[in-house]
Amino acid sequence: MKNIAKNYEIAKEIYAEYGVDTDKAIEIARRTPISINCWQLDDLTGFENPDMKLSGGIEATGNAPGKPKNKDEYMKHLDTALSLIPGNTKLALHAVYSDTKGEKVDRNQLEPKHFAFWVDYAKDKKITLDFNPTYFSHEKADSGFTLASKDKEIRDFWIEHGKRSRIIGAYFGKELGVPCITNHWIPDGYKDTTIDKLGPRERLAESLDEIFSEPIDPKYNIDSVESKLFGIGSESYVVGSHEFYTNYVAYRNNCILCMDAGHYHPTEVISSKISSYLAFGKELMLHLSRPVRWDSDHVIVVDDELKAIMEEIVRNNALDKVHIGLDFFDASINRIAATVIGARNARKALLMALLEPTRMLKDAEYADNFTKRLALLEETKTLPFGLVWDKLCEMENVCGSEWINNDLF
Ligand code: RNT
Ligand code: ZN
């Protein structure tokens with residue numbers, strides 16, 4: 001058995017030599033919300049239709065056994081996952097996780113009551129909720145276009161879905177006392193060389209204007225719009241590009257930008273972009289994901305980019321400005337464990353950033369002592385992070401590293 005208390009005392013002393021208060025780091029790491037994507041548990045199947053075919057150019061590849069067969073099984077798997085995830089947790093739902101009690105309710109008819117059971121669940125588990133309209137996996141998205149469609153009837157259908165999603169988000173926020181982030185991602189784009197790139201973007205701007213026309217108190221709901229570079233079937237042109245949404249957010253000021261770590265050129269990283277939004281006082285939503293060669297949505301690991309993202313948030317004092325959400329789906333490994341691994345990694349990386357001797361590093365930088373900056377950065381890599389993480393888990397009543405003895409494996 002590990003001696004968590006004794007180990008922690010040693011770690012605390014070592015970090016103090018670098019001017020880092022480990023108690024404070026743990027406290028902030030515990031209370032910062034991290035929004036866990038509900039869709040890793042069942043490959044984004046949801047409850048709307050058991051034969052759901054995922055569309056929109058996103059894919060959960062693999063066929064590991066154990067995918068939940070129905071809502072009851074899904075909820076049990078979620079219970080297990082949550083029991084292994086420490087810290088202030090939000091759960092990000094998608095509109096297809098509604099409960100319509102057997103009644104056929106289309107996406108443009110969804111109401112808060114179809115998600116009331118989630119509010120009860122969240123209250124019971126002491127978590128809060130985020131929301132995502134599902135602008136895909138539906139016959140009205142079969143053309144590959146939704147809010148930017150040239151067909152007004154299609155656009156109107158999805159505009160109504162967007163509006164209703166915000167109302168559901170506001171309901172979550174009101175009930176749970178924490179603003180819901182309602183994240184709008186659409187698949188719209190073309191596979192091959194596109195001639196009119198402007199028309200669809202003008203239509204998208206207009207559709208969004210209509211969706212956001214009703215003001216909602218940000219105490220209850222904040223909307224985010226998620227950009228993308230390409231998808232399967234939209235390799236050549238995506239209407240909702242990074243530049244499109246960056247401009248939309250800046251000019252309209254009615255929503256915030258969501259950056260997904262997998263939605264950029266292979267050598268482009270979101271960690272380097274965060275400060276450019278903070279410089280203008282903007283809030284941001286993040287989808288932490290791991291693109292392996294493409295937007296593959298692998299489970300996030302504690303890699304350089306995940307650490308860099310958390311460092312940017314912490315170094316810039318932006319924990320209340322940057323909303324941290326997860327977005328991955330891997331069907332080749334145990335889906336509950338995948339959720340847990342990703343969620344724990346996000347909070348681990350956050351704690352790592354909070355344990356950085358940022359003061360000393362900034363002092364070296366401002367003194368133009370770049371040699372010291374580099375030396376210090378390298379020294380921090382061997383500090384006893386794991387002992388502090390074990391302490392955090394113990395305080396949360398969640399297994400530390402011994403969670404790998406769980407019978408999920
Ligand atoms: C797709 C986007 C989007 C989805 C989820 C399921 O490329 O990343 O966030 O993954 O809405
Ligand atoms: Zn995403």
# chains A, B, ... in the order shown; residues from 1 in each chain; ligands from 1
>>> residues_near_ligand(ligand="ligand 1", cutoff="6 Å", atoms="only C-alpha atoms and all ligand atoms", output="CSV table (one decimal) with C-alpha atoms, in the first residue's frame")
chain,number,residue,atom,x,y,z
A,58,ILE,CA,-16.9,11.4,-38.1
A,185,TRP,CA,-20.8,21.8,-34.7
A,327,ASP,CA,-14.0,15.0,-27.5
>>> residues_near_ligand(ligand="ligand 2", cutoff="7 Å", atoms="only C-alpha atoms and all ligand atoms", output="list of chain:residue names")
A:Glu226, A:Asp260, A:His287, A:Asp327
>>> select_by_dssp(residues="stretch 29-170 of chain A", states="alpha helix (DSSP H)", output="PyMOL selection string")
chain A and resi 29-31+71-83+116-125+152-170
>>> select_by_dssp(residues="stretch 234-298 of chain A", states="strand (DSSP E)", output="JSON, numbers by chain")
{"A": [237, 238, 256, 257, 258, 259, 260, 284, 285, 286, 287, 288]}
>>> residues_around(residues="A:Val239", least_positions_apart="2", cutoff="9 Å", atoms="only C-alpha atoms", output="list in words")
Ala148, Ile186, Pro187, Asp188, Gly189, Tyr190, Lys197, Leu198, Pro200, Arg201, Leu204, Ser227, Lys228, Tyr237, Ser241 and Phe244 of chain A
>>> atom_distance(atom1="atom CA of A:Glu206", atom2="atom CA of A:Ile154")
13.8 Å
>>> closest_residue(among="A:Gly144, A:Gly231, A:Gly173, A:Gly199", to="A:Glu59", atoms="only C-alpha atoms")
A:Gly231
>>> residues_around(residues="stretch 332-335 of chain A", least_positions_apart="5", cutoff="12 Å", atoms="only C-alpha atoms", output="ChimeraX atom specification")
/A:37-44,59-68,74,77-78,80-81,298-299,340-342,407-409
>>> atom_distance(atom1="atom CA of A:Leu110", atom2="atom CA of A:Tyr135")
13.1 Å
>>> closest_residue(among="A:Phe117, A:Lys321, A:Arg30, A:Ile309", to="A:Ala349", atoms="only C-alpha atoms")
A:Ile309
>>> closest_residue(among="A:Asp79, A:Asp320, A:Glu160, A:Glu312", to="A:Thr358", atoms="only C-alpha atoms")
A:Glu312
>>> atom_distance(atom1="atom CA of A:Gln109", atom2="atom CA of A:Ala92")
20.4 Å
>>> residues_around(residues="A:Lys6", least_positions_apart="6", cutoff="12 Å", atoms="only C-alpha atoms", output="MDAnalysis selection string")
chainID A and resid 12:13 387:388 390:391
>>> write_last_selection(atoms="C-alpha atoms", output="mmCIF file, in the first residue's frame")
data_model
loop_
_atom_site.group_PDB
_atom_site.id
_atom_site.type_symbol
_atom_site.label_atom_id
_atom_site.label_comp_id
_atom_site.auth_asym_id
_atom_site.auth_seq_id
_atom_site.Cartn_x
_atom_site.Cartn_y
_atom_site.Cartn_z
ATOM 1 C CA LYS A 12 5.139 19.376 -0.927
ATOM 2 C CA GLU A 13 8.576 20.244 0.407
ATOM 3 C CA LEU A 387 2.748 11.881 -5.397
ATOM 4 C CA VAL A 388 0.612 15.024 -5.612
ATOM 5 C CA ASP A 390 -2.223 10.436 -5.601
ATOM 6 C CA LYS A 391 -3.103 12.931 -2.897
#
